[in-house]
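Peer 1: What follows is run.cif; its format and atoms are mmCIF, C-alpha atoms.
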data_run
loop_
_atom_site.label_atom_id
_atom_site.label_comp_id
_atom_site.auth_asym_id
_atom_site.auth_seq_id
_atom_site.Cartn_x
_atom_site.Cartn_y
_atom_site.Cartn_z
CA MET L 1 -7.90 -14.92 3.04
CA ARG L 2 -10.74 -12.55 2.61
CA ARG L 3 -12.00 -9.45 1.16
CA ARG L 4 -13.89 -6.36 2.35
CA ARG L 5 -13.91 -2.65 2.48
CA ALA L 6 -11.42 -0.44 4.14
CA LEU L 7 -10.86 3.07 5.28
CA PRO L 8 -9.61 5.43 2.64
CA LEU L 9 -6.35 6.84 3.64
CA GLN L 10 -4.54 9.60 1.83
CA LEU L 11 -1.13 8.23 1.70
CA CYS L 12 2.44 8.67 2.11
CA LEU L 13 4.09 5.33 2.18
CA LEU L 14 7.16 5.31 4.27
CA VAL L 15 9.09 2.16 3.84
CA VAL L 16 11.02 1.01 6.86
CA GLY L 17 13.92 -1.07 5.74
CA CYS L 18 15.35 -2.54 2.60
CA GLY L 19 14.67 -5.81 0.93
CA TYR L 20 14.20 -7.73 -2.26
CA TYR L 21 11.47 -9.83 -3.77
CA ASP L 22 11.70 -13.41 -2.65
CA SER L 23 9.59 -15.43 -5.09
CA SER L 24 9.08 -18.09 -2.44
CA LEU L 25 6.95 -15.65 -0.44
CA LEU L 26 4.35 -15.44 -3.19
CA ALA L 27 4.62 -18.83 -4.84
CA PRO L 28 2.31 -21.75 -5.56
CA ALA L 29 1.65 -24.16 -2.75
CA PRO L 30 3.61 -27.42 -2.92
CA GLY L 31 2.49 -29.47 -5.87
CA ALA L 32 0.84 -26.55 -7.68
CA ALA L 33 1.62 -25.99 -11.33
CA GLY L 34 3.25 -22.88 -12.73
CA SER L 35 4.02 -19.58 -11.04
CA GLY L 36 4.98 -16.84 -13.48
CA GLY L 37 3.32 -14.05 -15.39
CA GLY L 38 1.23 -12.85 -12.49
CA ALA L 39 -1.09 -15.84 -12.83
CA GLY L 40 0.65 -18.07 -10.32
CA GLY L 41 -0.04 -21.75 -9.79
CA THR L 42 -3.39 -23.53 -9.76
CA THR L 43 -4.69 -25.33 -6.70
CA GLN L 44 -8.10 -27.00 -6.54
CA GLY L 45 -9.30 -24.97 -9.51
CA CYS L 46 -7.99 -21.58 -8.33
CA ALA L 47 -5.26 -19.78 -10.30
CA HIS L 48 -3.26 -17.97 -7.62
CA ALA L 49 -2.24 -14.42 -8.53
CA PHE L 50 1.50 -13.90 -7.99
CA PRO L 51 3.93 -11.30 -9.43
CA PRO L 52 5.98 -12.36 -12.49
CA ASP L 53 9.11 -14.39 -11.84
CA LYS L 54 12.57 -12.94 -12.35
CA PRO L 55 13.58 -12.86 -16.05
CA ALA L 56 16.09 -15.30 -17.50
CA VAL L 57 18.41 -12.51 -18.66
CA LYS L 58 21.60 -12.14 -16.58
CA ASN L 59 23.53 -8.96 -15.72
CA ALA L 60 21.43 -6.87 -18.10
CA GLY L 61 22.84 -3.58 -16.82
CA GLY L 62 21.53 -0.13 -17.66
CA ASP L 63 21.76 3.54 -16.75
CA LEU L 64 18.22 4.91 -16.96
CA ASP L 65 17.19 6.93 -13.89
CA LEU L 66 13.40 7.39 -13.83
CA VAL L 67 11.31 9.28 -11.24
CA PHE L 68 7.53 8.91 -10.96
CA SER L 69 4.74 10.57 -9.02
CA VAL L 70 1.54 8.63 -8.33
CA LYS L 71 -1.35 10.35 -10.09
CA SER L 72 -4.29 8.28 -8.89
CA LEU L 73 -5.13 5.30 -6.70
CA THR L 74 -7.87 2.72 -6.48
CA PHE L 75 -9.00 0.16 -3.96
CA GLY L 76 -10.35 -2.02 -6.76
CA GLY L 77 -13.86 -3.35 -7.17
CA ASP L 78 -14.52 -2.88 -3.45
CA GLY L 79 -13.75 0.83 -3.64
CA ASP L 80 -16.04 3.68 -4.77
CA GLY L 81 -17.54 1.80 -7.70
CA GLY L 82 -14.17 0.84 -9.20
CA THR L 83 -13.76 -2.25 -11.35
CA ARG L 84 -9.99 -2.69 -11.37
CA VAL L 85 -8.63 -5.83 -9.74
CA VAL L 86 -5.84 -5.01 -7.26
CA GLY L 87 -3.59 -6.84 -4.82
CA TRP L 88 -1.90 -10.25 -4.97
CA ASP L 89 -2.51 -13.62 -3.35
CA ILE L 90 -0.45 -12.84 -0.26
CA ASP L 91 -1.29 -15.96 1.73
CA LYS L 92 -1.26 -18.43 -1.17
CA THR L 93 -4.84 -19.41 -0.37
CA CYS L 94 -8.00 -18.88 -2.44
CA THR L 95 -10.54 -18.47 0.35
CA CYS L 96 -14.13 -19.26 -0.75
CA GLN L 97 -12.76 -20.48 -4.09
CA GLY L 98 -12.41 -24.15 -3.27
CA GLU L 99 -10.07 -23.46 -0.36
CA ASN L 100 -10.56 -22.51 3.28
CA ASP L 101 -9.11 -19.66 5.34
CA SER L 102 -5.34 -19.34 5.67
CA CYS L 103 -5.62 -18.46 9.38
CA LEU L 104 -7.98 -19.12 12.27
CA GLU L 105 -10.78 -16.55 12.35
CA PRO L 106 -11.31 -15.01 15.83
CA SER L 107 -14.87 -14.78 17.13
CA TRP L 108 -14.92 -10.98 16.63
CA ALA L 109 -13.97 -11.28 12.94
CA ASN L 110 -17.59 -12.19 12.38
CA MET L 111 -18.10 -11.95 8.63
CA LYS L 112 -17.40 -13.92 5.46
CA HIS L 113 -13.85 -13.22 4.30
CA CYS L 114 -13.69 -14.22 0.65
CA ASP L 115 -10.74 -13.45 -1.64
CA GLY L 116 -10.96 -11.56 -4.88
CA PRO L 117 -10.18 -13.09 -8.30
CA GLU L 118 -7.27 -15.59 -8.24
CA GLY L 119 -7.08 -15.46 -4.46
CA ARG L 120 -6.21 -11.75 -4.28
CA ASP L 121 -6.28 -10.47 -0.71
CA ASN L 122 -7.77 -7.06 0.10
CA GLY L 123 -9.56 -6.87 3.43
CA PHE L 124 -8.50 -3.22 3.60
CA GLY L 125 -10.49 -2.41 0.46
CA ALA L 126 -13.64 -3.88 2.01
CA LEU L 127 -13.10 -1.91 5.22
CA ILE L 128 -12.82 1.36 3.30
CA SER L 129 -16.18 0.85 1.65
CA GLU L 130 -17.90 0.24 4.97
CA ILE L 131 -16.31 3.16 6.79
CA SER L 132 -16.93 5.53 3.87
CA GLY L 133 -20.62 4.68 4.24
CA MET L 134 -20.48 6.06 7.77
CA ILE L 135 -18.01 8.88 7.06
CA PRO L 136 -18.65 10.28 3.53
CA ASP L 137 -15.26 11.99 3.27
CA PHE L 138 -13.50 8.64 3.64
CA GLY L 139 -13.42 7.12 0.19
CA GLU L 140 -11.45 6.62 -2.99
CA SER L 141 -12.73 9.80 -4.63
CA SER L 142 -11.76 11.93 -1.62
CA TRP L 143 -8.33 10.34 -1.51
CA ASN L 144 -7.70 11.11 -5.19
CA GLU L 145 -9.14 14.63 -4.97
CA LYS L 146 -6.60 15.54 -2.28
CA MET L 147 -3.81 14.00 -4.35
CA THR L 148 -4.89 16.02 -7.39
CA ARG L 149 -4.64 19.21 -5.31
CA GLY L 150 -1.17 18.22 -4.11
CA ALA L 151 -2.13 17.80 -0.43
CA TRP L 152 -0.11 14.57 -0.41
CA GLY L 153 1.67 12.27 -2.80
CA LEU L 154 3.75 9.17 -3.33
CA MET L 155 6.86 8.83 -5.51
CA PHE L 156 9.01 6.03 -6.88
CA ARG L 157 12.37 5.95 -8.60
CA ILE L 158 13.91 3.25 -10.80
CA ARG L 159 17.69 3.34 -11.26
CA GLY L 160 20.03 1.21 -13.34
CA TYR L 161 17.31 0.21 -15.82
CA ASN L 162 18.26 -0.95 -19.34
CA GLY L 163 15.01 0.28 -20.93
CA LEU L 164 14.09 -3.19 -22.22
CA PRO L 165 11.23 -5.53 -21.24
CA ASP L 166 13.59 -7.66 -19.13
CA ASP L 167 16.16 -6.45 -16.61
CA ASP L 168 17.28 -8.82 -13.87
CA GLN L 169 18.27 -6.11 -11.38
CA VAL L 170 17.23 -2.50 -10.88
CA GLU L 171 17.06 -0.29 -7.82
CA LEU L 172 13.60 0.74 -6.62
CA ASP L 173 13.46 3.79 -4.33
CA TRP L 174 10.36 4.86 -2.45
CA TYR L 175 9.96 8.54 -1.52
CA ILE L 176 7.32 10.30 0.56
CA PRO L 177 6.77 13.83 -0.79
CA ASP L 178 5.53 16.67 1.35
CA ALA L 179 2.51 18.70 0.24
CA TYR L 180 3.26 20.00 -3.26
CA TRP L 181 3.11 23.62 -2.06
CA ALA L 182 5.25 23.05 1.05
CA ILE L 183 8.17 25.11 -0.29
CA ILE L 184 6.72 27.53 -2.83
CA GLU L 185 3.42 29.42 -2.91
CA GLY L 186 1.38 30.38 -5.91
CA GLN L 187 1.69 33.85 -7.41
CA ASP L 188 -1.38 34.92 -5.46
CA GLY L 189 -0.07 33.41 -2.24
CA GLY L 190 -2.27 30.36 -2.71
CA LYS L 191 -1.44 26.70 -2.99
CA PRO L 192 -0.35 25.62 -6.48
CA ALA L 193 -1.47 22.19 -7.65
CA PRO L 194 0.72 19.68 -9.51
CA LYS L 195 0.21 19.37 -13.28
CA TYR L 196 1.20 15.69 -13.54
CA ASP L 197 2.83 16.41 -16.88
CA GLY L 198 6.45 15.57 -16.03
CA THR L 199 7.37 19.08 -14.86
CA ASP L 200 6.25 18.80 -11.23
CA VAL L 201 8.99 19.19 -8.61
CA TRP L 202 7.84 17.66 -5.33
CA PRO L 203 9.48 18.49 -1.97
CA ILE L 204 10.63 15.32 -0.20
CA ARG L 205 10.32 14.62 3.51
CA GLY L 206 13.70 14.39 5.14
CA PHE L 207 13.09 11.04 6.85
CA CYS L 208 13.06 9.34 3.44
CA VAL L 209 16.81 9.68 2.92
CA ASN L 210 20.11 9.05 4.67
CA ASN L 211 22.75 11.68 5.33
CA ASN L 212 20.42 14.43 4.12
CA ASP L 213 21.13 13.25 0.57
CA ILE L 214 18.24 12.89 -1.89
CA ASN L 215 20.21 10.21 -3.74
CA GLN L 216 20.49 8.01 -0.65
CA SER L 217 16.96 6.73 -0.30
CA LYS L 218 16.27 5.12 3.07
CA PHE L 219 13.53 2.98 1.59
CA VAL L 220 15.04 0.96 -1.23
CA ASP L 221 15.00 -2.44 -2.87
CA THR L 222 18.35 -2.88 -4.61
CA LYS L 223 17.31 -6.24 -6.05
CA ALA L 224 14.07 -5.31 -7.78
CA TYR L 225 13.67 -6.46 -11.39
CA ILE L 226 11.62 -5.99 -14.54
CA SER L 227 10.10 -9.05 -16.19
CA ALA L 228 8.16 -8.80 -19.48
CA GLY L 229 7.82 -5.08 -18.82
CA VAL L 230 6.55 -5.47 -15.23
CA LEU L 231 8.48 -3.97 -12.31
CA VAL L 232 8.61 -6.22 -9.23
CA GLY L 233 9.94 -5.02 -5.88
CA MET L 234 9.55 -6.00 -2.23
CA LEU L 235 10.01 -3.99 0.97
CA PRO L 236 9.85 -5.85 4.31
CA SER L 237 7.75 -3.11 5.90
CA GLY L 238 6.31 0.29 5.16
CA VAL L 239 4.04 3.02 6.46
CA ILE L 240 1.22 4.83 4.74
CA ASP L 241 0.91 8.19 6.47
CA SER L 242 -2.31 9.84 5.42
CA ASP L 243 -3.16 13.51 5.09
CA GLY L 244 -5.10 14.18 8.26
CA TRP L 245 -5.47 10.46 8.93
CA ILE L 246 -3.35 7.81 10.63
CA SER L 247 -0.14 6.02 9.75
CA MET L 248 -0.46 2.54 8.31
CA VAL L 249 2.48 0.36 9.18
CA LEU L 250 2.69 -2.29 6.46
CA THR L 251 4.41 -5.65 6.54
CA ASP L 252 5.90 -7.30 3.42
CA ALA L 253 5.03 -4.50 0.99
CA TYR L 254 5.13 -5.77 -2.59
CA LEU L 255 5.08 -3.28 -5.47
CA THR L 256 4.48 -4.15 -9.11
CA ALA L 257 3.70 -2.00 -12.16
CA LYS L 258 3.99 -2.01 -15.94
CA VAL L 259 6.88 0.21 -17.02
CA VAL L 260 5.62 1.90 -20.19
CA GLN L 261 7.41 4.30 -22.55
CA VAL L 262 5.12 7.10 -23.77
CA GLY L 263 6.97 9.15 -26.38
CA SER L 264 10.28 10.07 -24.81
CA ALA L 265 8.97 9.66 -21.25
CA TRP L 266 8.18 6.68 -19.04
CA GLU L 267 5.11 5.95 -16.92
CA LEU L 268 3.95 3.28 -14.48
CA HIS L 269 0.63 1.67 -15.40
CA GLU L 270 -1.59 -0.82 -13.56
CA GLY L 271 0.52 -0.55 -10.41
CA ASN L 272 -0.18 -2.74 -7.40
CA ILE L 273 0.76 -2.42 -3.74
CA ALA L 274 0.08 -5.56 -1.70
CA ALA L 275 0.84 -5.89 2.03
CA VAL L 276 -0.63 -6.64 5.45
CA TRP L 277 -1.54 -4.18 8.23
CA THR L 278 -1.44 -5.68 11.73
CA LEU L 279 -4.10 -4.95 14.34
CA GLU L 280 -1.34 -3.99 16.75
CA ASP L 281 -0.16 -1.23 14.43
CA ILE L 282 -3.72 -0.08 13.70
CA PHE L 283 -4.55 0.41 17.38
CA SER L 284 -1.24 2.19 17.99
CA GLN L 285 -2.31 4.90 15.53
CA LEU L 286 -6.02 5.40 16.25
CA GLY L 287 -5.31 7.90 19.03
CA TYR L 288 -3.98 10.37 16.43
CA LEU L 289 -7.26 10.35 14.53
CA THR L 290 -10.19 12.77 14.83
CA ILE L 291 -13.51 12.06 13.12
CA SER L 292 -16.26 14.70 12.98
CA GLY L 293 -14.39 16.61 15.68
CA ILE L 294 -14.29 13.60 18.00
CA SER L 295 -10.95 12.10 19.02
CA MET L 296 -10.67 8.35 18.55
CA CYS L 297 -9.93 7.51 22.16
CA ALA L 298 -10.71 4.13 23.72
CA ASP L 299 -13.60 5.38 25.82
CA PRO L 300 -16.51 2.90 26.17
CA LYS L 301 -18.87 5.87 25.76
CA ASN L 302 -17.24 7.03 22.51
CA GLN L 303 -19.72 5.54 20.05
CA ILE L 304 -17.76 6.52 16.93
CA TYR L 305 -14.59 4.91 18.24
CA GLN L 306 -16.45 1.75 19.18
CA ALA L 307 -18.07 1.59 15.72
CA VAL L 308 -14.74 2.05 13.92
CA LYS L 309 -13.09 -0.53 16.19
CA SER L 310 -15.86 -3.03 15.43
CA MET L 311 -15.43 -2.55 11.67
CA ILE L 312 -11.66 -2.98 11.86
CA CYS L 313 -11.93 -6.14 13.98
CA LYS L 314 -14.52 -7.90 11.86
CA HIS L 315 -12.48 -7.32 8.67
CA THR L 316 -9.41 -9.07 10.13
CA ASP L 317 -8.57 -11.66 7.48
CA ILE L 318 -4.88 -12.62 7.45
CA TYR L 319 -1.89 -13.49 9.61
CA ARG L 320 1.07 -11.12 9.48
CA SER L 321 3.54 -13.79 8.40
CA ARG L 322 3.48 -17.40 7.25
CA GLY L 323 0.76 -18.80 9.45
CA THR L 324 -1.34 -21.93 9.24
CA PRO L 325 -5.10 -22.55 9.36
CA THR L 326 -4.71 -22.90 13.15
CA THR L 327 -2.79 -19.60 13.57
CA ALA L 328 -5.10 -16.80 14.70
CA CYS L 329 -5.63 -14.05 12.13
CA ASP L 330 -4.14 -10.77 13.39
CA SER L 331 -4.03 -8.38 10.40
CA LEU L 332 -5.83 -6.85 7.44
CA SER L 333 -4.69 -7.68 3.94
CA LEU L 334 -4.25 -4.71 1.61
CA GLY L 335 -4.37 -4.14 -2.12
CA ILE L 336 -4.07 -0.69 -3.71
CA GLY L 337 -3.80 0.03 -7.43
CA PHE L 338 -2.02 3.08 -8.81
CA ASP L 339 -0.81 4.85 -11.94
CA ALA L 340 2.22 7.16 -11.96
CA VAL L 341 3.67 9.76 -14.33
CA PRO L 342 7.11 11.39 -14.67
CA ALA L 343 8.09 13.89 -11.97
CA LYS L 344 11.14 15.42 -10.30
CA LEU L 345 12.59 15.21 -6.81
CA GLY L 346 12.76 18.58 -5.02
CA ALA L 347 14.30 19.90 -1.84
CA LEU L 348 14.12 18.07 1.49
CA THR L 349 11.70 19.27 4.17
CA PRO L 350 11.80 18.61 7.93
CA VAL L 351 9.50 16.09 9.60
CA THR L 352 6.73 17.30 11.90
CA GLY L 353 5.30 14.95 14.51
CA LYS L 354 1.65 14.20 15.22
CA THR L 355 -0.09 15.05 18.48
CA MET L 356 -1.70 12.31 20.57
CA THR L 357 -5.24 13.34 21.43
CA CYS L 358 -5.96 10.71 24.10
CA SER L 359 -4.98 10.28 27.73
CA ASP L 360 -2.78 7.36 28.67
CA ALA L 361 -5.78 5.55 30.14
CA GLU L 362 -7.75 5.90 26.89
CA ASN L 363 -4.89 5.44 24.42
CA PRO L 364 -6.10 2.92 21.78
CA ALA L 365 -2.57 1.49 21.73
CA ASN L 366 -3.60 -0.30 24.91
CA ASP L 367 -6.82 -1.61 23.35
CA SER L 368 -7.39 -4.67 21.18
CA CYS L 369 -10.14 -6.64 19.48
CA ASP L 370 -10.11 -9.07 22.40
CA LYS L 371 -11.25 -6.36 24.82
#
Just dump the structure as structure tokens.

Peer 2:
Amino acid sequence: MRRRRALPLQLCLLVVGCGYYDSSLLAPAPGAAGSGGGAGGTTQGCAHAFPPDKPAVKNAGGDLDLVFSVKSLTFGGDGDGGTRVVGWDIDKTCTCQGENDSCLEPSWANMKHCDGPEGRDNGFGALISEISGMIPDFGESSWNEKMTRGAWGLMFRIRGYNGLPDDDQVELDWYIPDAYWAIIEGQDGGKPAPKYDGTDVWPIRGFCVNNNDINQSKFVDTKAYISAGVLVGMLPSGVIDSDGWISMVLTDAYLTAKVVQVGSAWELHEGNIAAVWTLEDIFSQLGYLTISGISMCADPKNQIYQAVKSMICKHTDIYRSRGTPTTACDSLSLGIGFDAVPAKLGALTPVTGKTMTCSDAENPANDSCDK
């Protein structure tokens, strides 16, 4: 696939559906050697980056219940000067590393789409860098600054963990917290910020659970596992709903992270989210976005919309599912790194909808890169 720079989005990942990691989805191509330990197999000189395989231990069992809040995120080397490598080799192809594209590049995807180290796919990261050059507030530093203030967040929960380096089955829950101050105000009536020290209690958006029960996560992988200290989970789809931005509907969302004990607490280090974001879902959300006071409506005279559309289209680098080199690319690949610290689940809050800013005739949902 390929690599570029993507729009920074303050996130709230809403996972739609349940699933489990199928190692065949991120596995070496036929005839390739090896697949475990995050290094994957090697094809034509490229070591494909895949999550660790399931551990050999059987029925490990455990009763640890751990809750984490993401403290910071990175888009990797293509972000705001970051050097961390993020993402996984989603399409099992090392583009520009002795291998060709995994899908057929449309004429409007007119740029070189090279993968990161070991075939890691992150077209989204490249898109963010380009858009942040045009819109200064759209970047990794802005994203993290808003998270530090508690304007948005992302939380995970691991249940049934045995506390050892290998556990063949744990439950991974994904929660979308509301703004940290959504329920309580500061003593001066202001907006308190999270401390990220294990004491933070985040309010949780009601759509994340079933039956209005915080313990019934709607977005869950009941067959996640921990191998050599690395958590591996898979969710068939998900949504990143940014603070003041647009919702990102993700397909095949993989989550990995080192589960590390620090004193009596646990943290998630070197986390990775890898997924694809289809053009169809991108265009369906653009109408909810306003940039510099201008609504992103599909008006030929709207120069900002046309510029953003052009950037999105040219960074298209992957097919949403298992395509072939003759299947037209229709999505952006995504890699986001994160670190998370202990936190607590708070009360549920109601969901508020977004307002469409465009007329039906100019709704970007009816637009596409082919137009």

Peer 1: Evaluate the PyMOL selection byres ((chain L and resi 270) around 6) against this structure - the residues, as a PDB file with C-alpha atoms, in the frame of the given file, please.

Peer 2:
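Below is the file out-v8.pdb, written as the result:
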ATOM      1  CA  ALA L 257       3.700  -2.000 -12.160  1.00  0.00           C
ATOM      2  CA  HIS L 269       0.630   1.670 -15.400  1.00  0.00           C
ATOM      3  CA  GLY L 271       0.520  -0.550 -10.410  1.00  0.00           C
ATOM      4  CA  ASP L 339      -0.810   4.850 -11.940  1.00  0.00           C
TER       5      ASP L 339
END

Peer 1: Between atom CA of Cys358 of chain L and atom CA of Val308 of chain L, measure the distance and give it in Å to one decimal.

Peer 2: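 Between atom CA of Cys358 of chain L and atom CA of Val308 of chain L the gap is 16.0 Å.
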
Peer 1: Using atom CA of Arg84 of chain L and atom CA of Cys46 of chain L as the two end points, give the distance in Å to one decimal.

Peer 2: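 These atoms are spaced 19.2 Å apart.
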
Peer 1: Which residues come within 8 Å of Ala265 of chain L, counting all atoms listed in the file, excluding same-chain residues fewer than 3 positions away, as an NGL selection string?

Peer 2: :L and (261-262 or 342)

Peer 1: With distances taken over only C-alpha atoms, which residue among L:Leu286, L:Ile273, L:Ala228, L:Val170 lies nearest Ala365 of chain L?

Peer 2: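 Smallest separation from Ala365 of chain L among the options: L:Leu286.
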
Peer 1: Would you work out the distance separating atom CA of Gly337 of chain L from atom CA of Phe75 of chain L, expressed in Å to one decimal?

Peer 2: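 Answer for the atom CA of Gly337 of chain L to atom CA of Phe75 of chain L separation: 6.3 Å.
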
Peer 1: Check what the PyMOL selection byres ((chain L and resi 166) around 7) selects in the file above and give those residues as a list in words.

Peer 2: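 Output from the PyMOL selection byres ((chain L and resi 166) around 7), applied to this file: Pro55, Val57, Leu164, Pro165, Asp167, Asp168, Ile226, Ser227, Ala228 and Gly229 of chain L.
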
Peer 1: Determine the nearest neighbour of Asn122 of chain L from the options L:Glu105, L:Asp89, L:Glu362, L:Glu280, counting only C-alpha atoms.

Peer 2: L:Asp89

Peer 1: Let me make sure I understand: among L:Ile135, L:Val351, L:Val341, L:Leu279, which one has the smallest atom-to-atom distance to Ile312 of chain L if we use only C-alpha atoms?

Peer 2: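 Checking each candidate against Ile312 of chain L, we get L:Leu279 as the closest.
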
Peer 1: Quick one: of L:Ser321, L:Thr326, L:Thr199, L:Thr355, who's nearest to Asp101 of chain L, counting only C-alpha atoms?

Peer 2: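 Closest residue, counting only C-alpha atoms: L:Thr326.
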
Peer 1: Pick the closest to Trp152 of chain L from L:Ser102, L:Ser72, L:Ser129, L:Ser295: which is it, counting only C-alpha atoms?

Peer 2: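 Checking each candidate against Trp152 of chain L, we get L:Ser72 as the closest.
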